[in-house]
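S.K.: The structure follows.
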Amino acid sequence: MSRIRIAAPALQTLARDILAAAGTPHADAEVWAETLVFANLRGVDSHGVIRIPRYLEQIGTGDIRPAAGVRLLKSAGAIALLDAAGAPGPVAMKRAMEEAIAAAKRVHVGWCVARNITHAGAVGHFALQAAEAGMAGLVMTASIPLMAWPGSRKAVVSTNPVAIAMPGGKHPPLLLDMATATVSLGKILGAKQAGTPIPEGWGIDSEGADTTDAAKVATLLPMAGPKGAGLSLMIECLTSLVATNPVIAPALRGEKSYGMNGVAIALDLAAFGDPAELAASVDDLAATVAAQPRAAGTDALLVPGERGDAERARRLADGIPLPPGAWKQLVEAATRLGVEVPALL
């Protein structure tokens, strides 16, 4: 069956209303839904509304506390520390970037750590908050073991994502948003469902051997081997350890790990010189990269963010495609919670 399509505003309203009906305050549900549809618009469907059924399960078990308030524990100079107490990850990370931007306006750089968050979705959304304020933004989050360490037979570190946004002038902000694994778990699951083989280097089996059988994948492999694993470990240091909420070590010892953690960093670019001149330099960099000779079969040389920008434009015009199964789950959740289901395109 082909995918169905729905207009982005309608999908965001549906997501918001479902999350609100599940106990999320309206304003927070709006933030949460906006983050999910941001991912769908940019073609990162693995972090979009397809996750709502799982979030509802986590609300039911208490792993996500939709009405938990995010508390500011400390604010001093450039740094801030938040405790999200299990609140929705997007709500916590939006607040973290707001604190980082506020600090950067005072002292040119802001560094906010948020502990006890939950899954934050596409973290590039929060890095772009800084870019929209004329600042450079960097966001990282850390969670439980989901990825192998080089030479290990099981998950040791997580697929911790990192996102960096840099504002341009006429060109949209450059945006790098990536996990530290070779591929997302969603791609492994998709291959498993389809019964198709996966490339070597995506995952290992229970004995630690590389496998092309998605059904045998026990854990993911880090991108670039030790580099991806090492980057993930250092993100754990800069988020979880700094937040005094370690995740990896307790989990590897079989202890309960409490939540996830994140960090949002904002850099006041105007402190270094004329913002207009810097923005023009970003535009020039993007244009110069795009103008370089292309290999055979390559349509364009894209800088970070351009693929997502183009997909966003297409999906705003044509609607967001969803698998029928994912739409069915959303409709079932909406019906169960008494939420009106919008019309499809």
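Each chain in the structure tokens gets a letter, A, B, ..., in the order shown, and its residues are numbered from 1; ligands are numbered from 1 in order too.
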List the spatial neighbours of region 244-259 of chain A as number ranges by chain - criterion: any atom at most 12 Å away, only C-alpha atoms, same-chain residues fewer than 5 positions off excluded.

M.R.: A: 58, 62-65, 81-89, 113-120, 141-149, 154-160, 232-239

S.K.: For the residues selected in the previous step, produce a file with N, CA and C atoms as a CSV table (one decimal), in the first residue's frame.

M.R.:
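Listing of out04.csv after writing:
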```
chain,number,residue,atom,x,y,z
A,58,GLN,N,5.3,5.1,27.2
A,58,GLN,CA,6.2,5.6,28.3
A,58,GLN,C,5.5,6.5,29.2
A,62,GLY,N,5.2,5.7,33.3
A,62,GLY,CA,5.8,6.7,34.1
A,62,GLY,C,7.2,7.0,33.7
A,63,ASP,N,7.7,6.4,32.6
A,63,ASP,CA,9.0,6.7,32.2
A,63,ASP,C,9.1,8.2,31.6
A,64,ILE,N,8.0,8.7,31.1
A,64,ILE,CA,7.9,10.1,30.7
A,64,ILE,C,6.9,10.7,31.6
A,65,ARG,N,7.2,11.8,32.2
A,65,ARG,CA,6.2,12.5,33.1
A,65,ARG,C,5.8,13.8,32.3
A,81,LEU,N,22.2,24.9,35.0
A,81,LEU,CA,21.8,23.5,35.2
A,81,LEU,C,20.4,23.3,35.5
A,82,LEU,N,19.7,22.5,34.7
A,82,LEU,CA,18.3,22.2,34.8
A,82,LEU,C,18.1,20.8,35.2
A,83,ASP,N,17.0,20.6,35.9
A,83,ASP,CA,16.5,19.2,36.2
A,83,ASP,C,15.1,19.1,35.6
A,84,ALA,N,15.0,18.1,34.6
A,84,ALA,CA,13.7,18.0,33.9
A,84,ALA,C,12.8,17.0,34.6
A,85,ALA,N,13.3,16.2,35.5
A,85,ALA,CA,12.4,15.3,36.3
A,85,ALA,C,11.6,14.4,35.4
A,86,GLY,N,12.1,14.0,34.2
A,86,GLY,CA,11.4,13.1,33.4
A,86,GLY,C,10.4,13.7,32.4
A,87,ALA,N,10.5,15.0,32.3
A,87,ALA,CA,9.6,15.8,31.4
A,87,ALA,C,9.9,15.4,29.9
A,88,PRO,N,9.0,15.7,29.0
A,88,PRO,CA,9.3,15.4,27.6
A,88,PRO,C,10.6,16.0,27.1
A,89,GLY,N,11.5,15.3,26.4
A,89,GLY,CA,12.8,15.8,26.1
A,89,GLY,C,12.8,17.1,25.3
A,113,VAL,N,23.3,22.6,30.9
A,113,VAL,CA,23.1,21.2,31.0
A,113,VAL,C,21.8,20.8,31.6
A,114,ALA,N,21.1,19.9,31.0
A,114,ALA,CA,19.8,19.4,31.5
A,114,ALA,C,19.9,18.0,31.9
A,115,ARG,N,19.5,17.6,33.1
A,115,ARG,CA,19.6,16.2,33.5
A,115,ARG,C,18.2,15.7,33.6
A,116,ASN,N,18.1,14.4,33.6
A,116,ASN,CA,16.8,13.7,33.7
A,116,ASN,C,15.8,14.1,32.7
A,117,ILE,N,16.3,14.2,31.4
A,117,ILE,CA,15.4,14.4,30.3
A,117,ILE,C,14.9,13.1,29.8
A,118,THR,N,14.1,13.1,28.8
A,118,THR,CA,13.7,11.9,28.0
A,118,THR,C,14.0,12.1,26.6
A,119,HIS,N,13.6,11.2,25.7
A,119,HIS,CA,14.1,11.3,24.3
A,119,HIS,C,13.7,12.7,23.7
A,120,ALA,N,14.7,13.4,23.2
A,120,ALA,CA,14.5,14.7,22.7
A,120,ALA,C,14.2,14.9,21.2
A,141,THR,N,23.0,15.1,23.3
A,141,THR,CA,22.3,14.3,24.4
A,141,THR,C,22.9,13.0,24.6
A,142,ALA,N,22.7,12.4,25.7
A,142,ALA,CA,23.3,11.1,26.1
A,142,ALA,C,22.3,10.2,26.7
A,143,SER,N,22.3,8.9,26.3
A,143,SER,CA,21.4,8.0,26.8
A,143,SER,C,22.0,6.6,27.1
A,144,ILE,N,21.2,5.6,27.3
A,144,ILE,CA,21.7,4.3,27.7
A,144,ILE,C,22.5,3.6,26.6
A,145,PRO,N,23.2,2.5,26.9
A,145,PRO,CA,24.0,1.8,25.9
A,145,PRO,C,23.1,1.3,24.8
A,146,LEU,N,23.5,1.6,23.5
A,146,LEU,CA,22.7,1.2,22.4
A,146,LEU,C,23.7,0.8,21.2
A,147,MET,N,25.0,1.0,21.5
A,147,MET,CA,26.0,0.9,20.4
A,147,MET,C,27.3,0.2,21.0
A,148,ALA,N,27.9,-0.6,20.1
A,148,ALA,CA,29.1,-1.4,20.6
A,148,ALA,C,30.3,-0.4,20.8
A,149,TRP,N,31.2,-0.9,21.6
A,149,TRP,CA,32.5,-0.3,21.7
A,149,TRP,C,33.5,-1.2,20.8
A,154,LYS,N,28.7,-6.4,22.9
A,154,LYS,CA,27.4,-5.9,23.3
A,154,LYS,C,27.5,-4.4,23.3
A,155,ALA,N,26.3,-3.8,23.5
A,155,ALA,CA,26.2,-2.3,23.6
A,155,ALA,C,27.0,-1.8,24.8
A,156,VAL,N,27.8,-0.8,24.6
A,156,VAL,CA,28.6,-0.3,25.7
A,156,VAL,C,28.4,1.2,25.8
A,157,VAL,N,28.3,1.9,24.7
A,157,VAL,CA,28.0,3.4,24.7
A,157,VAL,C,26.7,3.6,23.9
A,158,SER,N,26.2,4.8,23.8
A,158,SER,CA,25.0,5.1,23.2
A,158,SER,C,25.2,5.7,21.8
A,159,THR,N,24.2,5.9,21.0
A,159,THR,CA,24.2,6.6,19.7
A,159,THR,C,24.2,8.1,19.8
A,160,ASN,N,24.7,8.6,20.9
A,160,ASN,CA,24.5,10.0,21.3
A,160,ASN,C,24.6,11.0,20.1
A,232,SER,N,31.0,9.5,21.3
A,232,SER,CA,29.9,9.2,22.1
A,232,SER,C,30.2,9.2,23.6
A,233,LEU,N,31.4,8.6,23.9
A,233,LEU,CA,31.8,8.5,25.3
A,233,LEU,C,32.1,9.9,25.9
A,234,MET,N,32.6,10.8,25.1
A,234,MET,CA,32.9,12.2,25.5
A,234,MET,C,31.6,13.0,25.7
A,235,ILE,N,30.6,12.7,24.8
A,235,ILE,CA,29.3,13.3,25.0
A,235,ILE,C,28.7,12.9,26.4
A,236,GLU,N,28.9,11.6,26.7
A,236,GLU,CA,28.5,11.2,28.1
A,236,GLU,C,29.2,12.0,29.1
A,237,CYS,N,30.4,12.3,29.0
A,237,CYS,CA,31.2,13.1,30.0
A,237,CYS,C,30.6,14.5,30.1
A,238,LEU,N,30.4,15.1,28.9
A,238,LEU,CA,30.0,16.5,28.9
A,238,LEU,C,28.5,16.7,29.2
A,239,THR,N,27.7,15.7,29.2
A,239,THR,CA,26.3,15.8,29.6
A,239,THR,C,26.0,15.1,30.9
```

S.K.: When you look at region 306-322 of chain A with a cut-off of 10 Å (counting only C-alpha atoms), what residues show up, excluding the ones that are within fewer than 5 positions of it in the same chain? I need them as a PyMOL selection string.

M.R.: chain A and resi 2-11+37-45+48-50+171-176+286+301+327-328+344-345

S.K.: Have a look at A:Ala80, A:Ile18, A:Ala133, A:Met223 and name the one nearest to Arg336 (chain A); count only C-alpha atoms.

M.R.: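 Counting only C-alpha atoms, the residue closest to Arg336 (chain A) is A:Ile18.
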
S.K.: What lies within 12 Å of Pro199 (chain A) using only C-alpha atoms, ignoring chain neighbours under 5 positions off, as a ChimeraX atom specification?

M.R.: /A:182-183,187-188,191,204,210-214,217,221

S.K.: To one decimal in Å, tell me the separation between CA of Met93 (chain A) and CA of Val70 (chain A).

M.R.: 9.8 Å

S.K.: As a ChimeraX atom specification, list the residues of region 80-194 of chain A assigned to helix (DSSP H, G or I) by DSSP on the backbone atoms of this structure.

M.R.: /A:89-107,124-132,185-194

S.K.: Which residues come within 10 Å of Glu207 (chain A), counting only C-alpha atoms, excluding same-chain residues fewer than 4 positions away, as a list in words?

M.R.: Ser152, Arg153, Lys154 and Ala218 of chain A

S.K.: With N, CA, C and O atoms retained, write the just-selected residues as a JSON list (two decimals), in the first residue's frame.

M.R.:
```
[["chain", "number", "residue", "atom", "x", "y", "z"],
["A", 152, "SER", "N", 33.97, -4.95, 21.42],
["A", 152, "SER", "CA", 33.02, -5.50, 22.38],
["A", 152, "SER", "C", 31.99, -6.39, 21.67],
["A", 152, "SER", "O", 31.84, -6.34, 20.46],
["A", 153, "ARG", "N", 31.27, -7.18, 22.47],
["A", 153, "ARG", "CA", 30.22, -8.05, 21.93],
["A", 153, "ARG", "C", 28.82, -7.54, 22.24],
["A", 153, "ARG", "O", 27.84, -8.18, 21.87],
["A", 154, "LYS", "N", 28.73, -6.42, 22.92],
["A", 154, "LYS", "CA", 27.41, -5.90, 23.29],
["A", 154, "LYS", "C", 27.45, -4.37, 23.28],
["A", 154, "LYS", "O", 28.50, -3.75, 23.09],
["A", 218, "ALA", "N", 22.64, -7.56, 17.13],
["A", 218, "ALA", "CA", 22.47, -7.44, 18.58],
["A", 218, "ALA", "C", 22.66, -6.00, 19.03],
["A", 218, "ALA", "O", 22.04, -5.57, 20.01]]
```

S.K.: Using only C-alpha atoms, find the one residue out of A:Ile198, A:Val109, A:Ala264, A:Ala96 that sits nearest to Leu138 (chain A).

M.R.: A:Ala264

S.K.: Name the closest residue to Ala276 (chain A) among the candidates A:Gly195, A:Gly186, A:Gly134, A:Gly69; distances are taken between atoms, counting only C-alpha atoms.

M.R.: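 Between A:Gly195, A:Gly186, A:Gly134, A:Gly69, the residue approaching Ala276 (chain A) most closely is A:Gly134.
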
S.K.: Measuring between only C-alpha atoms, which one of A:Ala33, A:Leu128, A:Leu72, A:Ala163 shows the shortest distance to Leu14 (chain A)?

M.R.: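 Smallest distance to Leu14 (chain A) is found for A:Ala33.
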
S.K.: Please determine, counting only C-alpha atoms, which residue among A:Val341, A:Arg71, A:Val91, A:Tyr55 has the shortest atom-to-atom distance to Pro25 (chain A).

M.R.: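 So, comparing all the options, the nearest one is A:Val91.
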
S.K.: May I have all residues of region 155-287 of chain A that DSSP, computed from the backbone, assigns to strand (DSSP E), given as an MDAnalysis selection string?

M.R.: chainID A and resid 155:157 162:166 174:178 203:204 219:220 260:267

S.K.: Create the file for the chosen residues now, containing N, CA and C atoms and written as an mmCIF file, in the first residue's frame.

M.R.:
```cif
data_model
loop_
_atom_site.group_PDB
_atom_site.id
_atom_site.type_symbol
_atom_site.label_atom_id
_atom_site.label_comp_id
_atom_site.auth_asym_id
_atom_site.auth_seq_id
_atom_site.Cartn_x
_atom_site.Cartn_y
_atom_site.Cartn_z
ATOM 1 N N ALA A 155 26.294 -3.773 23.508
ATOM 2 C CA ALA A 155 26.212 -2.320 23.578
ATOM 3 C C ALA A 155 26.955 -1.811 24.799
ATOM 4 N N VAL A 156 27.814 -0.844 24.592
ATOM 5 C CA VAL A 156 28.620 -0.268 25.672
ATOM 6 C C VAL A 156 28.350 1.235 25.808
ATOM 7 N N VAL A 157 28.280 1.928 24.681
ATOM 8 C CA VAL A 157 27.978 3.363 24.690
ATOM 9 C C VAL A 157 26.675 3.586 23.914
ATOM 10 N N VAL A 162 24.772 14.688 18.046
ATOM 11 C CA VAL A 162 25.333 16.034 18.175
ATOM 12 C C VAL A 162 24.814 16.860 17.014
ATOM 13 N N ALA A 163 24.430 18.091 17.287
ATOM 14 C CA ALA A 163 23.941 19.000 16.252
ATOM 15 C C ALA A 163 24.646 20.342 16.393
ATOM 16 N N ILE A 164 25.047 20.914 15.267
ATOM 17 C CA ILE A 164 25.703 22.218 15.233
ATOM 18 C C ILE A 164 24.997 23.076 14.194
ATOM 19 N N ALA A 165 24.618 24.288 14.568
ATOM 20 C CA ALA A 165 23.966 25.211 13.645
ATOM 21 C C ALA A 165 24.770 26.501 13.558
ATOM 22 N N MET A 166 24.910 27.017 12.342
ATOM 23 C CA MET A 166 25.650 28.257 12.091
ATOM 24 C C MET A 166 24.799 29.151 11.208
ATOM 25 N N LEU A 174 23.547 26.768 8.306
ATOM 26 C CA LEU A 174 24.142 25.446 8.124
ATOM 27 C C LEU A 174 23.751 24.613 9.339
ATOM 28 N N LEU A 175 23.378 23.357 9.113
ATOM 29 C CA LEU A 175 22.929 22.511 10.220
ATOM 30 C C LEU A 175 23.447 21.098 10.049
ATOM 31 N N LEU A 176 24.330 20.712 10.948
ATOM 32 C CA LEU A 176 24.799 19.334 11.026
ATOM 33 C C LEU A 176 24.070 18.666 12.182
ATOM 34 N N ASP A 177 23.378 17.576 11.912
ATOM 35 C CA ASP A 177 22.632 16.862 12.951
ATOM 36 C C ASP A 177 22.863 15.375 12.713
ATOM 37 N N MET A 178 23.626 14.738 13.588
ATOM 38 C CA MET A 178 24.005 13.348 13.334
ATOM 39 C C MET A 178 24.118 12.561 14.634
ATOM 40 N N GLY A 203 26.009 -3.328 11.959
ATOM 41 C CA GLY A 203 25.728 -3.922 13.256
ATOM 42 C C GLY A 203 26.454 -5.236 13.455
ATOM 43 N N ILE A 204 26.499 -5.686 14.695
ATOM 44 C CA ILE A 204 27.154 -6.956 15.021
ATOM 45 C C ILE A 204 26.148 -7.903 15.660
ATOM 46 N N THR A 219 23.513 -5.257 18.332
ATOM 47 C CA THR A 219 23.716 -3.843 18.653
ATOM 48 C C THR A 219 24.332 -3.141 17.456
ATOM 49 N N LEU A 220 24.246 -1.830 17.456
ATOM 50 C CA LEU A 220 24.743 -1.015 16.351
ATOM 51 C C LEU A 220 26.248 -0.839 16.435
ATOM 52 N N MET A 260 17.893 10.476 30.770
ATOM 53 C CA MET A 260 18.906 10.901 29.826
ATOM 54 C C MET A 260 19.366 12.288 30.246
ATOM 55 N N ASN A 261 20.360 12.789 29.548
ATOM 56 C CA ASN A 261 20.881 14.118 29.847
ATOM 57 C C ASN A 261 21.209 14.831 28.539
ATOM 58 N N GLY A 262 21.259 16.153 28.601
ATOM 59 C CA GLY A 262 21.567 16.911 27.401
ATOM 60 C C GLY A 262 22.312 18.190 27.730
ATOM 61 N N VAL A 263 22.928 18.773 26.710
ATOM 62 C CA VAL A 263 23.601 20.051 26.869
ATOM 63 C C VAL A 263 23.282 20.919 25.661
ATOM 64 N N ALA A 264 23.022 22.194 25.910
ATOM 65 C CA ALA A 264 22.785 23.178 24.863
ATOM 66 C C ALA A 264 23.793 24.304 25.032
ATOM 67 N N ILE A 265 24.458 24.658 23.952
ATOM 68 C CA ILE A 265 25.505 25.685 23.981
ATOM 69 C C ILE A 265 25.188 26.742 22.938
ATOM 70 N N ALA A 266 25.287 27.993 23.313
ATOM 71 C CA ALA A 266 25.070 29.109 22.397
ATOM 72 C C ALA A 266 26.293 30.019 22.428
ATOM 73 N N LEU A 267 26.731 30.457 21.253
ATOM 74 C CA LEU A 267 27.900 31.327 21.130
ATOM 75 C C LEU A 267 27.494 32.621 20.447
#
```

S.K.: In Å, with one decimal, what is the gap from CA of Ala300 (chain A) to CA of Gly124 (chain A)?

M.R.: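 These two atoms are separated by 22.7 Å.
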
S.K.: Could you tell me how far CA of Ala270 (chain A) sits from CA of Arg106 (chain A), in Å to one decimal place?

M.R.: 12.2 Å

S.K.: Closest to Ala215 (chain A) among A:Gly228, A:Pro304, A:Gly60, A:Pro197, using only C-alpha atoms?

M.R.: A:Pro197
